[in-house]
Amino acid sequence: MQDDYTLAELLIVAAAEAWRGNGEVLASGIGIVPRLGAGLAKLTHSPELMMTDAEAYLVEEPVPLGPRGTYVPRFSGYMSFARVFDCVWGGRRHVMIGPIQIDRFGQTNLSGIGDPFKPKVQMLGMRGLPGNSISHLNSMFVPNHGPRVFVAGEVDVVGGVGYNPARWPKGASDRHVDLRLIVTDLCVLDFGGKEHAIRVRSLHPNVTLEQVQAATGFPLASSGQLPTSAGPTAEQLALIRRLDPHGMRATVIKGNPSAFAPRATGKLP
Amino acid sequence: MQDDYTLAELLIVAAAEAWRGNGEVLASGIGIVPRLGAGLAKLTHSPELMMTDAEAYLVEEPVPLGPRGTYVPRFSGYMSFARVFDCVWGGRRHVMIGPIQIDRFGQTNLSGIGDPFKPKVQMLGMRGLPGNSISHLNSMFVPNHGPRVFVAGEVDVVGGVGYNPARWPKGASDRHVDLRLIVTDLCVLDFGGKEHAIRVRSLHPNVTLEQVQAATGFPLASSGQLPTSAGPTAEQLALIRRLDPHGMRATVIKGNPSAFAPRATGKLP
Amino acid sequence: MFDKTLSAGAVVAALKDGMTLGIGGWGPRRKPMALVREILRSKLTDLTVVAYGGPDVGMLCAAGKVRRLYYGFVSLDAIPVEPWFRRAREAGRIEAHELDEGLLQWGLRAAAMRVPFLPTRVGLATDVLKLNPDFRTVQSPYADGEVLLAMPALNLDAALLHVDRADRLGNVQTLGPDPYFDEWFARAATRTYVTCEELCERLDLAHSADARCNIVERSYISGVVAARFGAHPTSNPPAYGWDMEHLKAYTGLATEAGGWERYVNEFVSAPEPQYLERVGGAARLAALPPPVF
Amino acid sequence: MFDKTLSAGAVVAALKDGMTLGIGGWGPRRKPMALVREILRSKLTDLTVVAYGGPDVGMLCAAGKVRRLYYGFVSLDAIPVEPWFRRAREAGRIEAHELDEGLLQWGLRAAAMRVPFLPTRVGLATDVLKLNPDFRTVQSPYADGEVLLAMPALNLDAALLHVDRADRLGNVQTLGPDPYFDEWFARAATRTYVTCEELCERLDLAHSADARCNIVERSYISGVVAARFGAHPTSNPPAYGWDMEHLKAYTGLATEAGGWERYVNEFVSAPEPQYLERVGGAARLAALPPPVF
């Protein structure tokens, strides 16, 4: 019974762990899984987290995704875009976003593919990546773990800073840089390797380290026996359903597979 | 009949002239005469002036002084203290204040008398003088023209900047410094002398240039025949009464003399 | 008193080729689209645009009006990448000064405070520096000696905003939950023009109780244009939501040959009253629901 | 959930000698006087105080708690110069870092944004530089090359604020027309303690409609103290005005021998409930009229 959950639901639980023990920070989950993860964290292990209604107000009860029916969010505080930047620069925030590229240094790209002066594919732009990454806790979500995301060299456009000494001007301070988790459809990574190298922290069910390494453009650190990523408890699953009453989490991973579905080997897009 | 006005009323009219032709600036008159002057300017020659309720809102009709009875100010905009500084630094303001000392450079002091590290008399502090004086139009009001106010050397504590080259660090910009009028109980001064020297612009009735010079700690510029400062017209007087229904202007100059009262010569406190 | 009202055409006539324009709002939210459409109808060109971009930026790019663009993103929110902006970028047609979102407002604040720069860590160690090769660093003169990015002031020749209410004197109010950075666009600009849903004779007489919704004092407002639904197809919360149906059709045209000409012919070439009819008329627009996140 | 409520005594016990304290409010407006009185009752000393000063600063000076003071003014408004501050200054008893008012908030913003300084023209060519000999200038790295004052961050160990409403989680609201710079004191501080007129279990449940009155997010609020009339004798608009009768008596004592001891004996030595009785009780305080300007 307890094993009756989807991969997306497992990812939500894994994402929620990013916000554990952060203290009182604004938990910003951008996208369905990160947002549900933040909400789950607040409703379980970390009630001190702050959260917005995804518009301009703070709430103490995470707002469910999608049409709200009769549910009306109640506001405990104000968080306009202007205040978001004050919050970001002040450092009391932890955001999880889905970059289009991540490199071995943890540098991230949301701007585009190719030459930034004439991109092959223009994406969103820098958005808040430079500010987020240099100011407060950051985590990432990757629903399609592969070498196009985890690139072999540097990302095409560095939006979010990482642990790449060559990028830092002399005298500049990286003291607030603190990259935490990368939750992917294959595994959970962190920056616990040597000199903040990206390290495998846990593998999702039926995923091998070799599969993960093959899907990654750079060598991953890992140590000893890797645990299997935990799926939701019955309580967590109930909370996830409450936070996502319309089942939008089913759209995150193609086919919405069970967490225990067999994986194709040599996954290379 | 038209000559039936007090010195304070003449000073209000003189103060109002400071705001003529400024364009759309926040007119801040600190103290009874400057405030009434600003209100009079707005109600007559300069309706484009902005004004506050002396608290946090902008009004289009100057708020009368003192208890308001049934009058309720109506607000056209917001001007919190935070926004005042944004307005000041942006430069679209003209303030008239009453410094305790003014020197030949137009430098002003509201902080105290004597050594700033152990003042003989502590006054208000810098307040907004450094920011006002370096950012936008400034005028001054002196109800007791004498050498204690118009000091021989530099003011004891420079709060408001002036045209004193020795005070400006190399590379600093004084391009927004623009000192306008000084309205005193004897005369109206401006900064139209050589290299912004303080110059007599008009004399109040029954006041001579010699009296003014004798009451001033530094040489004043002046040129040709000096006009007599204009008193209020009947219309202006009616507006002044409307803006000051409780007659607070009577408290500004000791004894609330007529504008035409004889002056003691050699006025030296 | 005095009267700052004018037509959208008069606003655009006051703008000059080569100017730096700031555009208020945020993505597909409260954009001064009636003024943007008026620019599209004009010969104005060679613009430097500073914006948290939405269809305003996309349309100006599509029409070839933009030479240089300062932006943190250009997005329609539910449609993550603005399609016409994407085309212009991928064609290398605009000089793209991509910025962090917070850095953009910092540059506006520098201009507002009339300082040449404001320091920050944000942008260091990123390609913000590659895309803005004129940016310099500055060292703290204190014991820390830290090297920071000196974000230069983004001085604007003009800012364009859409607000809920304005009066003839230039007093303005926005009623939505977030004023975005409109205040800072105005303070950074030599002149600011607003369109408004409701034009009042005097806001102090009509809406004194909402004075705290005044986003910037009227000394920053040079001109006021009455333009009910002037933000369409972007949202103007809480009055109306964005028009996703329209934005989807607009997006679809970006991958069609002659798509922009079709959009212009259908929606831009005729004056504003016809535009409002062609997008469904007042009753439909007033009923556009606010988006739910 | 969690609960940040504590007593005024516990707040003061958490403060240490030599700390830098920021105090919110403005002159005789919305000062956290219940916390100031609690400091007066304690042995806490050797403080660096940053404030737009009113009786908070005056009382701390009178009690010899202040070693160093950063201020733009210290005033009771209708009584232009705070009398006890004046005495301390004229006796040369405090290290006075007199600032321009705008410069003070600029230093708080620098701390809030965690940059070592923010540039400005304000303070150049004035004795701000004499009274703050540690201040340095910085040169713009751009073509203008302008030399500006580098206002250093005013980093606070703790900030003390008074608000209208707070909840146990640390959410706060102020209802007056002007929030002053309380937000920036909080953001500049490692920890912030607030007193509140009304303590709620949950502001989102009790006063959601006023959420825009939230001056800073609760991550900046370390502790919440229930203190009805906690701003007395300063004003807490719109709820109550300042107590000019009390402030006049307080001012009168400044020129009497043993005046401070008398003030302490009469008003400070007994705990807060007695204080409120001695200044006239709740009915009188609730009826103190707002000042008219």
# chains A, B, ... in the order shown; residues from 1 in each chain; ligands from 1
$ select_by_dssp --residues "segment 98-277 of chain D" --states "strand (DSSP E)" --output "VMD selection string"
chain D and resid 98 117 to 120 136 to 139 147 to 152 156 to 167 172 to 173 189 to 200 223 to 226
$ interface_residues --of "chain C" --to "chain D" --cutoff "10 Å" --atoms "only C-alpha atoms" --output "number ranges by chain"
C: 110, 113-121, 134-148, 150, 152, 177-178, 212
$ write_last_selection --atoms "C-alpha atoms" --output "PDB file, in the first residue's frame"
ATOM      1  CA  ALA C 110      20.295  54.482  -8.979  1.00  0.00           C
ATOM      2  CA  MET C 113      18.404  58.671  -6.570  1.00  0.00           C
ATOM      3  CA  ARG C 114      20.529  60.417  -9.200  1.00  0.00           C
ATOM      4  CA  VAL C 115      23.676  58.511  -8.361  1.00  0.00           C
ATOM      5  CA  PRO C 116      25.807  57.065 -11.162  1.00  0.00           C
ATOM      6  CA  PHE C 117      25.702  53.543  -9.732  1.00  0.00           C
ATOM      7  CA  LEU C 118      24.631  51.371  -6.829  1.00  0.00           C
ATOM      8  CA  PRO C 119      26.802  48.511  -5.591  1.00  0.00           C
ATOM      9  CA  THR C 120      25.694  44.905  -5.302  1.00  0.00           C
ATOM     10  CA  ARG C 121      27.053  41.388  -5.420  1.00  0.00           C
ATOM     11  CA  ASP C 134      30.263  48.189 -20.084  1.00  0.00           C
ATOM     12  CA  PHE C 135      29.533  47.215 -16.479  1.00  0.00           C
ATOM     13  CA  ARG C 136      32.321  47.929 -14.000  1.00  0.00           C
ATOM     14  CA  THR C 137      33.121  46.822 -10.480  1.00  0.00           C
ATOM     15  CA  VAL C 138      33.811  49.053  -7.506  1.00  0.00           C
ATOM     16  CA  GLN C 139      35.763  48.340  -4.352  1.00  0.00           C
ATOM     17  CA  SER C 140      34.421  49.100  -0.917  1.00  0.00           C
ATOM     18  CA  PRO C 141      36.527  51.851   0.655  1.00  0.00           C
ATOM     19  CA  TYR C 142      36.120  50.224   4.076  1.00  0.00           C
ATOM     20  CA  ALA C 143      38.128  47.528   5.819  1.00  0.00           C
ATOM     21  CA  ASP C 144      36.276  44.726   4.010  1.00  0.00           C
ATOM     22  CA  GLY C 145      37.651  45.973   0.672  1.00  0.00           C
ATOM     23  CA  GLU C 146      35.019  43.892  -1.093  1.00  0.00           C
ATOM     24  CA  VAL C 147      34.711  44.157  -4.853  1.00  0.00           C
ATOM     25  CA  LEU C 148      31.126  44.655  -5.960  1.00  0.00           C
ATOM     26  CA  ALA C 150      28.632  48.884  -9.765  1.00  0.00           C
ATOM     27  CA  PRO C 152      24.958  51.790 -13.498  1.00  0.00           C
ATOM     28  CA  PRO C 177      -1.952  44.025  -4.804  1.00  0.00           C
ATOM     29  CA  ASP C 178       1.468  44.693  -6.325  1.00  0.00           C
ATOM     30  CA  ARG C 212      -2.002  55.251  -0.213  1.00  0.00           C
TER      31      ARG C 212
END
$ atom_distance --atom1 "atom CA of Arg35 of chain A" --atom2 "atom CA of Trp106 of chain C"
27.6 Å
$ closest_atom_pairs --of "chain A" --to "chain D" --cutoff "8 Å" --atoms "only C-alpha atoms" --output "Markdown table"
| residue | atom | partner | partner_atom | distance |
| --- | --- | --- | --- | --- |
| A:Glu24 | CA | D:Ser219 | CA | 5.2 |
| A:Val25 | CA | D:Ser219 | CA | 6.3 |
| A:Pro47 | CA | D:Met1 | CA | 6.0 |
| A:Glu48 | CA | D:Phe2 | CA | 7.3 |
| A:Met50 | CA | D:Ser219 | CA | 7.8 |
| A:Tyr57 | CA | D:Ala211 | CA | 7.4 |
| A:Val59 | CA | D:Asp204 | CA | 7.0 |
| A:Glu60 | CA | D:Asp204 | CA | 7.1 |
| A:Arg74 | CA | D:Asp204 | CA | 5.2 |
| A:Phe75 | CA | D:Asp204 | CA | 4.7 |
| A:Ser76 | CA | D:Asp204 | CA | 4.1 |
| A:Gly77 | CA | D:Ala211 | CA | 4.9 |
| A:Tyr78 | CA | D:Arg212 | CA | 5.4 |
| A:Met79 | CA | D:Glu217 | CA | 7.7 |
| A:Asp86 | CA | D:Met113 | CA | 6.7 |
| A:Trp89 | CA | D:Met113 | CA | 5.3 |
| A:Gly90 | CA | D:Met113 | CA | 5.4 |
| A:Arg92 | CA | D:Ser219 | CA | 7.2 |
$ residues_around --residues "segment 249-256 of chain B" --least-positions-apart "4" --cutoff "8 Å" --atoms "only C-alpha atoms" --output "PyMOL selection string"
chain B and resi 6-9+32-33+143+185+244
$ atom_distance --atom1 "atom CA of Arg148 of chain A" --atom2 "atom CA of Ala215 of chain A"
8.7 Å
$ closest_residue --among "D:Leu253, D:Gly22, D:Pro237, D:Lys4" --to "Phe185 of chain D" --atoms "only C-alpha atoms"
D:Gly22
$ select_by_dssp --residues "segment 131-263 of chain B" --states "alpha helix (DSSP H)" --output "ChimeraX atom specification"
/B:131-135,209-214,234-243
$ atom_distance --atom1 "atom CA of Ile182 of chain A" --atom2 "atom CA of Gly31 of chain A"
14.1 Å
$ residues_around --residues "Leu10 of chain B" --least-positions-apart "3" --cutoff "8 Å" --atoms "only C-alpha atoms" --output "list in words"
Tyr5, Thr6, Leu7, Val13, Ala14, Ser229, Ala230, Gly231, Pro232 and Ala259 of chain B
$ write_last_selection --atoms "N, CA and C atoms" --output "PDB file, in the first residue's frame"
ATOM      1  N   TYR B   5      -1.237  95.761   7.268  1.00  0.00           N
ATOM      2  CA  TYR B   5      -0.812  94.368   7.456  1.00  0.00           C
ATOM      3  C   TYR B   5       0.401  94.329   8.358  1.00  0.00           C
ATOM      4  N   THR B   6       0.629  93.169   8.896  1.00  0.00           N
ATOM      5  CA  THR B   6       1.728  93.026   9.852  1.00  0.00           C
ATOM      6  C   THR B   6       3.001  92.643   9.111  1.00  0.00           C
ATOM      7  N   LEU B   7       4.112  92.768   9.840  1.00  0.00           N
ATOM      8  CA  LEU B   7       5.397  92.343   9.279  1.00  0.00           C
ATOM      9  C   LEU B   7       5.334  90.858   8.936  1.00  0.00           C
ATOM     10  N   VAL B  13       4.254  86.803   2.314  1.00  0.00           N
ATOM     11  CA  VAL B  13       4.227  87.132   0.889  1.00  0.00           C
ATOM     12  C   VAL B  13       5.626  87.001   0.287  1.00  0.00           C
ATOM     13  N   ALA B  14       6.617  87.483   1.016  1.00  0.00           N
ATOM     14  CA  ALA B  14       7.998  87.381   0.525  1.00  0.00           C
ATOM     15  C   ALA B  14       8.414  85.917   0.413  1.00  0.00           C
ATOM     16  N   SER B 229      10.194  95.685  -0.075  1.00  0.00           N
ATOM     17  CA  SER B 229       9.510  94.384  -0.155  1.00  0.00           C
ATOM     18  C   SER B 229       8.008  94.596  -0.228  1.00  0.00           C
ATOM     19  N   ALA B 230       7.395  93.859  -1.113  1.00  0.00           N
ATOM     20  CA  ALA B 230       5.950  94.004  -1.303  1.00  0.00           C
ATOM     21  C   ALA B 230       5.183  93.355  -0.169  1.00  0.00           C
ATOM     22  N   GLY B 231       4.174  94.025   0.279  1.00  0.00           N
ATOM     23  CA  GLY B 231       3.266  93.430   1.250  1.00  0.00           C
ATOM     24  C   GLY B 231       2.137  92.718   0.539  1.00  0.00           C
ATOM     25  N   PRO B 232       1.250  92.138   1.293  1.00  0.00           N
ATOM     26  CA  PRO B 232       0.144  91.386   0.686  1.00  0.00           C
ATOM     27  C   PRO B 232      -0.886  92.295   0.031  1.00  0.00           C
ATOM     28  N   ALA B 259       3.903  96.038   9.526  1.00  0.00           N
ATOM     29  CA  ALA B 259       5.027  96.039   8.583  1.00  0.00           C
ATOM     30  C   ALA B 259       5.674  97.417   8.517  1.00  0.00           C
TER      31      ALA B 259
END
$ residues_around --residues "Glu256 of chain C" --least-positions-apart "6" --cutoff "12 Å" --atoms "only C-alpha atoms" --output "number ranges by chain"
C: 83-84, 87, 249-250, 262-263
$ decode --residues "segment 118-143 of chain B" --atoms "N, CA, C and O atoms" --output "PDB file, in the first residue's frame"
ATOM      1  N   LYS B 118      31.258  68.785  21.604  1.00  0.00           N
ATOM      2  CA  LYS B 118      30.729  69.105  22.940  1.00  0.00           C
ATOM      3  C   LYS B 118      30.096  70.483  22.828  1.00  0.00           C
ATOM      4  O   LYS B 118      30.668  71.491  23.242  1.00  0.00           O
ATOM      5  N   PRO B 119      28.909  70.496  22.227  1.00  0.00           N
ATOM      6  CA  PRO B 119      28.304  71.793  21.903  1.00  0.00           C
ATOM      7  C   PRO B 119      27.951  72.600  23.147  1.00  0.00           C
ATOM      8  O   PRO B 119      27.579  72.039  24.178  1.00  0.00           O
ATOM      9  N   LYS B 120      28.086  73.899  23.006  1.00  0.00           N
ATOM     10  CA  LYS B 120      27.618  74.800  24.069  1.00  0.00           C
ATOM     11  C   LYS B 120      26.095  74.712  24.149  1.00  0.00           C
ATOM     12  O   LYS B 120      25.520  74.621  25.228  1.00  0.00           O
ATOM     13  N   VAL B 121      25.481  74.740  22.991  1.00  0.00           N
ATOM     14  CA  VAL B 121      24.021  74.555  22.926  1.00  0.00           C
ATOM     15  C   VAL B 121      23.711  73.516  21.859  1.00  0.00           C
ATOM     16  O   VAL B 121      24.038  73.704  20.686  1.00  0.00           O
ATOM     17  N   GLN B 122      23.130  72.418  22.268  1.00  0.00           N
ATOM     18  CA  GLN B 122      22.723  71.403  21.297  1.00  0.00           C
ATOM     19  C   GLN B 122      21.366  71.789  20.739  1.00  0.00           C
ATOM     20  O   GLN B 122      20.421  72.056  21.486  1.00  0.00           O
ATOM     21  N   MET B 123      21.286  71.825  19.417  1.00  0.00           N
ATOM     22  CA  MET B 123      19.983  72.062  18.805  1.00  0.00           C
ATOM     23  C   MET B 123      19.502  70.762  18.169  1.00  0.00           C
ATOM     24  O   MET B 123      19.809  69.692  18.648  1.00  0.00           O
ATOM     25  N   LEU B 124      18.749  70.877  17.074  1.00  0.00           N
ATOM     26  CA  LEU B 124      18.025  69.699  16.574  1.00  0.00           C
ATOM     27  C   LEU B 124      18.903  68.567  16.049  1.00  0.00           C
ATOM     28  O   LEU B 124      18.553  67.399  16.161  1.00  0.00           O
ATOM     29  N   GLY B 125      20.007  68.937  15.448  1.00  0.00           N
ATOM     30  CA  GLY B 125      20.772  67.933  14.708  1.00  0.00           C
ATOM     31  C   GLY B 125      20.776  68.320  13.233  1.00  0.00           C
ATOM     32  O   GLY B 125      20.216  69.343  12.841  1.00  0.00           O
ATOM     33  N   MET B 126      21.414  67.502  12.428  1.00  0.00           N
ATOM     34  CA  MET B 126      21.505  67.800  10.994  1.00  0.00           C
ATOM     35  C   MET B 126      20.128  67.827  10.337  1.00  0.00           C
ATOM     36  O   MET B 126      19.921  68.495   9.330  1.00  0.00           O
ATOM     37  N   ARG B 127      19.219  67.008  10.891  1.00  0.00           N
ATOM     38  CA  ARG B 127      17.926  66.781  10.224  1.00  0.00           C
ATOM     39  C   ARG B 127      18.161  66.511   8.733  1.00  0.00           C
ATOM     40  O   ARG B 127      19.051  65.748   8.401  1.00  0.00           O
ATOM     41  N   GLY B 128      17.414  67.191   7.866  1.00  0.00           N
ATOM     42  CA  GLY B 128      17.582  66.889   6.443  1.00  0.00           C
ATOM     43  C   GLY B 128      18.483  67.862   5.708  1.00  0.00           C
ATOM     44  O   GLY B 128      18.531  67.844   4.482  1.00  0.00           O
ATOM     45  N   LEU B 129      19.215  68.717   6.434  1.00  0.00           N
ATOM     46  CA  LEU B 129      19.942  69.795   5.759  1.00  0.00           C
ATOM     47  C   LEU B 129      20.967  69.323   4.727  1.00  0.00           C
ATOM     48  O   LEU B 129      21.006  69.859   3.612  1.00  0.00           O
ATOM     49  N   PRO B 130      21.805  68.354   5.073  1.00  0.00           N
ATOM     50  CA  PRO B 130      22.786  67.937   4.051  1.00  0.00           C
ATOM     51  C   PRO B 130      22.111  67.454   2.772  1.00  0.00           C
ATOM     52  O   PRO B 130      22.525  67.833   1.661  1.00  0.00           O
ATOM     53  N   GLY B 131      21.076  66.652   2.929  1.00  0.00           N
ATOM     54  CA  GLY B 131      20.390  66.105   1.767  1.00  0.00           C
ATOM     55  C   GLY B 131      19.607  67.158   0.992  1.00  0.00           C
ATOM     56  O   GLY B 131      19.669  67.221  -0.231  1.00  0.00           O
ATOM     57  N   ASN B 132      18.868  67.993   1.709  1.00  0.00           N
ATOM     58  CA  ASN B 132      18.114  69.044   1.036  1.00  0.00           C
ATOM     59  C   ASN B 132      19.035  69.942   0.221  1.00  0.00           C
ATOM     60  O   ASN B 132      18.787  70.229  -0.949  1.00  0.00           O
ATOM     61  N   SER B 133      20.100  70.392   0.888  1.00  0.00           N
ATOM     62  CA  SER B 133      20.918  71.448   0.295  1.00  0.00           C
ATOM     63  C   SER B 133      21.699  70.952  -0.911  1.00  0.00           C
ATOM     64  O   SER B 133      22.028  71.730  -1.793  1.00  0.00           O
ATOM     65  N   ILE B 134      21.998  69.671  -0.958  1.00  0.00           N
ATOM     66  CA  ILE B 134      22.814  69.146  -2.052  1.00  0.00           C
ATOM     67  C   ILE B 134      21.948  68.550  -3.166  1.00  0.00           C
ATOM     68  O   ILE B 134      22.466  68.115  -4.189  1.00  0.00           O
ATOM     69  N   SER B 135      20.625  68.548  -2.939  1.00  0.00           N
ATOM     70  CA  SER B 135      19.745  67.853  -3.883  1.00  0.00           C
ATOM     71  C   SER B 135      18.760  68.743  -4.621  1.00  0.00           C
ATOM     72  O   SER B 135      18.349  68.410  -5.733  1.00  0.00           O
ATOM     73  N   HIS B 136      18.323  69.815  -4.001  1.00  0.00           N
ATOM     74  CA  HIS B 136      17.224  70.577  -4.623  1.00  0.00           C
ATOM     75  C   HIS B 136      17.231  72.028  -4.162  1.00  0.00           C
ATOM     76  O   HIS B 136      18.112  72.450  -3.419  1.00  0.00           O
ATOM     77  N   LEU B 137      16.225  72.772  -4.575  1.00  0.00           N
ATOM     78  CA  LEU B 137      16.105  74.181  -4.213  1.00  0.00           C
ATOM     79  C   LEU B 137      15.954  74.349  -2.709  1.00  0.00           C
ATOM     80  O   LEU B 137      15.250  73.577  -2.050  1.00  0.00           O
ATOM     81  N   ASN B 138      16.612  75.369  -2.192  1.00  0.00           N
ATOM     82  CA  ASN B 138      16.531  75.661  -0.761  1.00  0.00           C
ATOM     83  C   ASN B 138      16.386  77.151  -0.536  1.00  0.00           C
ATOM     84  O   ASN B 138      17.067  77.947  -1.186  1.00  0.00           O
ATOM     85  N   SER B 139      15.521  77.496   0.414  1.00  0.00           N
ATOM     86  CA  SER B 139      15.434  78.874   0.885  1.00  0.00           C
ATOM     87  C   SER B 139      15.429  78.866   2.398  1.00  0.00           C
ATOM     88  O   SER B 139      15.352  77.803   3.031  1.00  0.00           O
ATOM     89  N   MET B 140      15.561  80.036   2.985  1.00  0.00           N
ATOM     90  CA  MET B 140      15.701  80.122   4.443  1.00  0.00           C
ATOM     91  C   MET B 140      14.827  81.233   4.982  1.00  0.00           C
ATOM     92  O   MET B 140      14.547  82.209   4.282  1.00  0.00           O
ATOM     93  N   PHE B 141      14.442  81.063   6.219  1.00  0.00           N
ATOM     94  CA  PHE B 141      13.652  82.079   6.902  1.00  0.00           C
ATOM     95  C   PHE B 141      14.342  82.422   8.215  1.00  0.00           C
ATOM     96  O   PHE B 141      14.725  81.533   8.980  1.00  0.00           O
ATOM     97  N   VAL B 142      14.508  83.717   8.433  1.00  0.00           N
ATOM     98  CA  VAL B 142      15.201  84.190   9.641  1.00  0.00           C
ATOM     99  C   VAL B 142      14.335  85.271  10.295  1.00  0.00           C
ATOM    100  O   VAL B 142      14.276  86.390   9.795  1.00  0.00           O
ATOM    101  N   PRO B 143      13.672  84.949  11.383  1.00  0.00           N
ATOM    102  CA  PRO B 143      12.796  85.943  12.001  1.00  0.00           C
ATOM    103  C   PRO B 143      13.554  86.949  12.865  1.00  0.00           C
ATOM    104  O   PRO B 143      12.956  87.901  13.367  1.00  0.00           O
TER     105      PRO B 143
END
